[in-house]
Amino acid sequence: MTMEIEGLGEIYPEVVVALQKLNENCKNAEGLWLLGGSCGLSLQGVPLDKAPRDIDIYTDMEHADKLHGLLKSSALDEPRLDESGLYTSRLSHYKLDDMTLELVGGFQIKTSGALYRTEVSDILAPAARRVSLGEGNISLMPLAHEFVFNVLRKRPDRYQAIASIIRKHPEQHLETLIRLLERNLWTFECITRMAELLDQPLLSARWGELDGSHT
């Protein structure tokens, strides 16, 4: 599904300029990266407390070098493996006009309640919504990912806002969410919390089957 960006240039003009430059630089890597973070959320109607301060894009580990090569003229550093607290990923940073871009390769988060890793090309990109930006399109990180990510990092300001959008049109998001549950590890408590937030009690019942498959 492709959406037109309406009014974003008036609200966040510096974001639009940076996204246009990003899209131009990475036009030969379509399907290998997704726009996430606050920019991706705002483009999908999730209310934010403040304007996006940077741009986050996600890719699989095996595609991080290709993306870095396409963005190298704007690079602020070289890609490095980062293991900070809950997170593991390959990070690099770039300057796009007035915005800083973070390229996140092979993102993984491990908590007491879950082990979750992103699979961009195989799982998330096929489920992504797209926005029309000038002459090209940008694919957005699915809200199912943004929801579980913010639940795991305990950001109620984000996951409650995301959940409110998902509850309006669950048929657009639950299939992807279930795939994420199937392909990662979760505790019953974590799944129950997600089910409550989304008003989807069957999620926790289904988890019982998934949990059995991991034992």
# chains A, B, ... in the order shown; residues from 1 in each chain; ligands from 1

call {"tool": "residues_around", "arguments": {"residues": "A:Asp98", "least_positions_apart": "6", "cutoff": "12 Å", "atoms": "only C-alpha atoms", "output": "short mmCIF file (atom, residue, chain, number, x, y, z; two decimals) with N, CA and C atoms, in the first residue's frame"}}
result
data_model
loop_
_atom_site.label_atom_id
_atom_site.label_comp_id
_atom_site.auth_asym_id
_atom_site.auth_seq_id
_atom_site.Cartn_x
_atom_site.Cartn_y
_atom_site.Cartn_z
N TYR A 12 7.51 19.28 9.16
CA TYR A 12 8.91 18.91 9.38
C TYR A 12 9.69 19.05 8.07
N PRO A 13 9.91 20.26 7.59
CA PRO A 13 10.56 20.42 6.28
C PRO A 13 11.95 19.82 6.22
N GLU A 14 12.70 19.90 7.33
CA GLU A 14 14.06 19.35 7.32
C GLU A 14 14.05 17.83 7.19
N VAL A 15 12.98 17.19 7.72
CA VAL A 15 12.86 15.73 7.61
C VAL A 15 12.62 15.34 6.16
N VAL A 16 11.72 16.07 5.49
CA VAL A 16 11.41 15.74 4.10
C VAL A 16 12.63 15.89 3.22
N VAL A 17 13.39 16.96 3.40
CA VAL A 17 14.60 17.17 2.59
C VAL A 17 15.58 16.01 2.80
N ALA A 18 15.78 15.61 4.05
CA ALA A 18 16.70 14.52 4.34
C ALA A 18 16.21 13.19 3.78
N LEU A 19 14.91 12.94 3.87
CA LEU A 19 14.35 11.69 3.34
C LEU A 19 14.47 11.64 1.82
N LYS A 21 16.87 12.99 0.08
CA LYS A 21 18.27 12.68 -0.19
C LYS A 21 18.56 11.21 0.09
N PRO A 52 10.65 14.59 15.04
CA PRO A 52 11.79 13.68 14.88
C PRO A 52 13.10 14.45 14.90
N ARG A 53 14.08 13.92 15.65
CA ARG A 53 15.38 14.57 15.75
C ARG A 53 16.42 13.90 14.86
N ASP A 54 16.14 12.68 14.44
CA ASP A 54 17.06 11.96 13.57
C ASP A 54 16.28 10.96 12.73
N ILE A 55 16.99 10.25 11.88
CA ILE A 55 16.38 9.27 10.98
C ILE A 55 17.00 7.91 11.27
N SER A 74 28.26 10.60 2.83
CA SER A 74 27.70 11.36 3.94
C SER A 74 28.08 10.76 5.29
#

call {"tool": "closest_atom_pairs", "arguments": {"of": "stretch 96-132 of chain A", "to": "stretch 136-145 of chain A", "cutoff": "12 Å", "atoms": "only C-alpha atoms", "output": "JSON lines"}}
result
{"residue": "A:Phe107", "atom": "CA", "partner": "A:His145", "partner_atom": "CA", "distance": 11.5}
{"residue": "A:Gln108", "atom": "CA", "partner": "A:His145", "partner_atom": "CA", "distance": 11.7}
{"residue": "A:Ile109", "atom": "CA", "partner": "A:His145", "partner_atom": "CA", "distance": 11.8}
{"residue": "A:Tyr116", "atom": "CA", "partner": "A:His145", "partner_atom": "CA", "distance": 9.7}
{"residue": "A:Arg117", "atom": "CA", "partner": "A:His145", "partner_atom": "CA", "distance": 9.8}
{"residue": "A:Thr118", "atom": "CA", "partner": "A:His145", "partner_atom": "CA", "distance": 8.1}
{"residue": "A:Glu119", "atom": "CA", "partner": "A:His145", "partner_atom": "CA", "distance": 10.2}
{"residue": "A:Val120", "atom": "CA", "partner": "A:Met141", "partner_atom": "CA", "distance": 8.7}
{"residue": "A:Ser121", "atom": "CA", "partner": "A:Met141", "partner_atom": "CA", "distance": 11.3}
{"residue": "A:Ile123", "atom": "CA", "partner": "A:Pro142", "partner_atom": "CA", "distance": 9.9}
{"residue": "A:Leu124", "atom": "CA", "partner": "A:Pro142", "partner_atom": "CA", "distance": 6.6}
{"residue": "A:Ala125", "atom": "CA", "partner": "A:Ser139", "partner_atom": "CA", "distance": 7.3}
{"residue": "A:Pro126", "atom": "CA", "partner": "A:Ser139", "partner_atom": "CA", "distance": 9.4}
{"residue": "A:Ala127", "atom": "CA", "partner": "A:Pro142", "partner_atom": "CA", "distance": 6.6}
{"residue": "A:Ala128", "atom": "CA", "partner": "A:Pro142", "partner_atom": "CA", "distance": 5.2}
{"residue": "A:Arg129", "atom": "CA", "partner": "A:Leu140", "partner_atom": "CA", "distance": 5.5}
{"residue": "A:Arg130", "atom": "CA", "partner": "A:Ser139", "partner_atom": "CA", "distance": 4.3}
{"residue": "A:Val131", "atom": "CA", "partner": "A:Ile138", "partner_atom": "CA", "distance": 5.3}
{"residue": "A:Ser132", "atom": "CA", "partner": "A:Asn137", "partner_atom": "CA", "distance": 4.5}

call {"tool": "select_by_dssp", "arguments": {"residues": "stretch 12-148 of chain A", "states": "helix (DSSP H, G or I)", "output": "ChimeraX atom specification"}}
result
/A:13-25,27-29,37-43,61-74,120-127,143-148

call {"tool": "select_by_dssp", "arguments": {"residues": "stretch 18-161 of chain A", "states": "strand (DSSP E or B)", "output": "PyMOL selection string"}}
result
chain A and resi 33-36+54-59+75+80-84+87-96+99-111+114-117+129-133+136-140

call {"tool": "write_last_selection", "arguments": {"atoms": "N, CA and C atoms", "output": "compact mmCIF listing (two decimals), in the first residue's frame"}}
result
# COMPACT_ATOMS: atom_id res chain seq x y z
N TRP A 33 15.96 -2.08 2.99
CA TRP A 33 15.97 -1.24 4.18
C TRP A 33 14.58 -0.67 4.43
N LEU A 34 14.34 -0.30 5.68
CA LEU A 34 13.05 0.26 6.09
C LEU A 34 13.30 1.48 6.97
N LEU A 35 12.43 2.47 6.84
CA LEU A 35 12.48 3.65 7.69
C LEU A 35 11.70 3.38 8.96
N GLY A 36 12.38 3.49 10.11
CA GLY A 36 11.73 3.25 11.39
C GLY A 36 11.81 4.46 12.29
N ASP A 54 16.14 12.68 14.44
CA ASP A 54 17.06 11.96 13.57
C ASP A 54 16.28 10.96 12.73
N ILE A 55 16.99 10.25 11.88
CA ILE A 55 16.38 9.27 10.98
C ILE A 55 17.00 7.91 11.27
N ASP A 56 16.17 6.90 11.43
CA ASP A 56 16.64 5.54 11.69
C ASP A 56 16.20 4.64 10.55
N ILE A 57 17.16 3.94 9.94
CA ILE A 57 16.79 2.94 8.95
C ILE A 57 17.39 1.59 9.35
N TYR A 58 16.65 0.54 9.03
CA TYR A 58 17.01 -0.82 9.44
C TYR A 58 17.27 -1.68 8.21
N THR A 59 18.28 -2.54 8.34
CA THR A 59 18.59 -3.49 7.29
C THR A 59 19.07 -4.78 7.93
N ALA A 75 28.99 9.77 5.32
CA ALA A 75 29.30 9.03 6.54
C ALA A 75 29.99 9.88 7.59
N ARG A 80 30.19 -0.38 12.98
CA ARG A 80 30.81 -1.13 14.06
C ARG A 80 29.74 -1.95 14.77
N LEU A 81 30.14 -3.08 15.31
CA LEU A 81 29.23 -3.90 16.10
C LEU A 81 29.02 -3.22 17.44
N ASP A 82 27.76 -2.99 17.79
CA ASP A 82 27.42 -2.31 19.04
C ASP A 82 26.60 -3.26 19.91
N GLU A 83 27.06 -3.48 21.13
CA GLU A 83 26.34 -4.30 22.09
C GLU A 83 26.12 -3.47 23.34
N SER A 84 25.05 -2.70 23.33
CA SER A 84 24.77 -1.75 24.41
C SER A 84 23.52 -2.17 25.16
N TYR A 87 20.59 -4.23 23.54
CA TYR A 87 20.61 -4.23 22.08
C TYR A 87 21.92 -4.76 21.50
N THR A 88 21.80 -5.42 20.36
CA THR A 88 22.95 -5.79 19.55
C THR A 88 22.64 -5.42 18.11
N SER A 89 23.55 -4.71 17.45
CA SER A 89 23.36 -4.34 16.05
C SER A 89 24.67 -3.81 15.49
N ARG A 90 24.69 -3.64 14.20
CA ARG A 90 25.83 -3.00 13.54
C ARG A 90 25.41 -1.59 13.18
N LEU A 91 26.08 -0.60 13.78
CA LEU A 91 25.65 0.79 13.67
C LEU A 91 26.63 1.62 12.85
N SER A 92 26.08 2.56 12.11
CA SER A 92 26.88 3.60 11.45
C SER A 92 26.00 4.83 11.30
N HIS A 93 26.64 5.99 11.14
CA HIS A 93 25.92 7.27 11.16
C HIS A 93 26.32 8.14 9.97
N TYR A 94 25.37 8.98 9.55
CA TYR A 94 25.53 9.78 8.34
C TYR A 94 24.87 11.14 8.56
N LYS A 95 25.31 12.13 7.81
CA LYS A 95 24.72 13.46 7.87
C LYS A 95 23.98 13.73 6.57
N LEU A 96 22.68 13.93 6.67
CA LEU A 96 21.85 14.26 5.51
C LEU A 96 21.28 15.65 5.73
N MET A 99 19.93 16.67 9.25
CA MET A 99 19.50 15.50 10.03
C MET A 99 20.63 14.47 10.10
N THR A 100 20.69 13.77 11.24
CA THR A 100 21.60 12.64 11.38
C THR A 100 20.84 11.35 11.10
N LEU A 101 21.44 10.50 10.29
CA LEU A 101 20.87 9.20 9.95
C LEU A 101 21.65 8.11 10.67
N GLU A 102 20.92 7.18 11.28
CA GLU A 102 21.54 6.00 11.87
C GLU A 102 21.13 4.77 11.07
N LEU A 103 22.11 4.03 10.58
CA LEU A 103 21.87 2.77 9.87
C LEU A 103 22.07 1.64 10.86
N VAL A 104 21.02 0.84 11.05
CA VAL A 104 21.01 -0.24 12.04
C VAL A 104 20.97 -1.57 11.30
N GLY A 105 22.04 -2.34 11.40
CA GLY A 105 22.10 -3.63 10.73
C GLY A 105 21.95 -4.78 11.69
N GLY A 106 21.09 -5.74 11.34
CA GLY A 106 20.94 -6.95 12.16
C GLY A 106 20.50 -6.68 13.58
N PHE A 107 19.49 -5.83 13.75
CA PHE A 107 19.07 -5.43 15.09
C PHE A 107 18.50 -6.59 15.89
N GLN A 108 18.91 -6.66 17.16
CA GLN A 108 18.40 -7.67 18.09
C GLN A 108 18.24 -7.04 19.46
N ILE A 109 17.17 -7.42 20.17
CA ILE A 109 16.97 -6.98 21.54
C ILE A 109 16.68 -8.19 22.41
N LYS A 110 17.36 -8.28 23.53
CA LYS A 110 17.19 -9.39 24.47
C LYS A 110 16.84 -8.84 25.84
N THR A 111 15.70 -9.27 26.37
CA THR A 111 15.25 -8.86 27.70
C THR A 111 14.92 -10.11 28.50
N ALA A 114 12.00 -11.67 26.44
CA ALA A 114 11.99 -11.98 25.01
C ALA A 114 13.39 -11.95 24.42
N LEU A 115 13.52 -12.62 23.30
CA LEU A 115 14.66 -12.47 22.40
C LEU A 115 14.07 -12.21 21.02
N TYR A 116 14.26 -10.99 20.53
CA TYR A 116 13.62 -10.57 19.28
C TYR A 116 14.67 -10.02 18.33
N ARG A 117 14.65 -10.49 17.08
CA ARG A 117 15.57 -10.00 16.07
C ARG A 117 14.78 -9.60 14.83
N ARG A 129 4.29 -0.70 4.68
CA ARG A 129 3.55 0.32 3.95
C ARG A 129 4.57 1.25 3.29
N ARG A 130 4.16 1.87 2.20
CA ARG A 130 5.07 2.73 1.44
C ARG A 130 4.48 4.13 1.34
N VAL A 131 5.37 5.12 1.38
CA VAL A 131 4.95 6.50 1.19
C VAL A 131 5.59 7.03 -0.07
N SER A 132 4.82 7.81 -0.81
CA SER A 132 5.33 8.45 -2.02
C SER A 132 6.04 9.74 -1.63
N LEU A 133 7.29 9.85 -2.08
CA LEU A 133 8.10 11.01 -1.72
C LEU A 133 8.80 11.49 -2.98
N GLY A 136 10.03 8.98 -5.87
CA GLY A 136 10.23 7.62 -5.38
C GLY A 136 9.33 7.29 -4.21
N ASN A 137 9.53 6.09 -3.67
CA ASN A 137 8.77 5.63 -2.52
C ASN A 137 9.73 5.21 -1.41
N ILE A 138 9.26 5.34 -0.18
CA ILE A 138 10.01 4.87 0.98
C ILE A 138 9.16 3.86 1.72
N SER A 139 9.75 2.73 2.06
CA SER A 139 9.05 1.68 2.80
C SER A 139 9.23 1.91 4.30
N LEU A 140 8.13 1.77 5.05
CA LEU A 140 8.12 2.06 6.48
C LEU A 140 8.13 0.78 7.30

call {"tool": "closest_residue", "arguments": {"among": "A:Gln200, A:Ser73, A:Ser112, A:Ser38", "to": "A:Trp186", "atoms": "only C-alpha atoms"}}
result
A:Ser112

call {"tool": "atom_distance", "arguments": {"atom1": "atom CA of A:Asp122", "atom2": "atom CA of A:Leu76"}}
result
29.1 Å

call {"tool": "atom_distance", "arguments": {"atom1": "atom CA of A:Arg183", "atom2": "atom CA of A:Ala205"}}
result
16.4 Å

call {"tool": "closest_residue", "arguments": {"among": "A:Ala161, A:Leu174, A:Leu203, A:Ile191", "to": "A:Gly45", "atoms": "only C-alpha atoms"}}
result
A:Ala161

call {"tool": "atom_distance", "arguments": {"atom1": "atom CA of A:Phe147", "atom2": "atom CA of A:Ala163"}}
result
6.8 Å
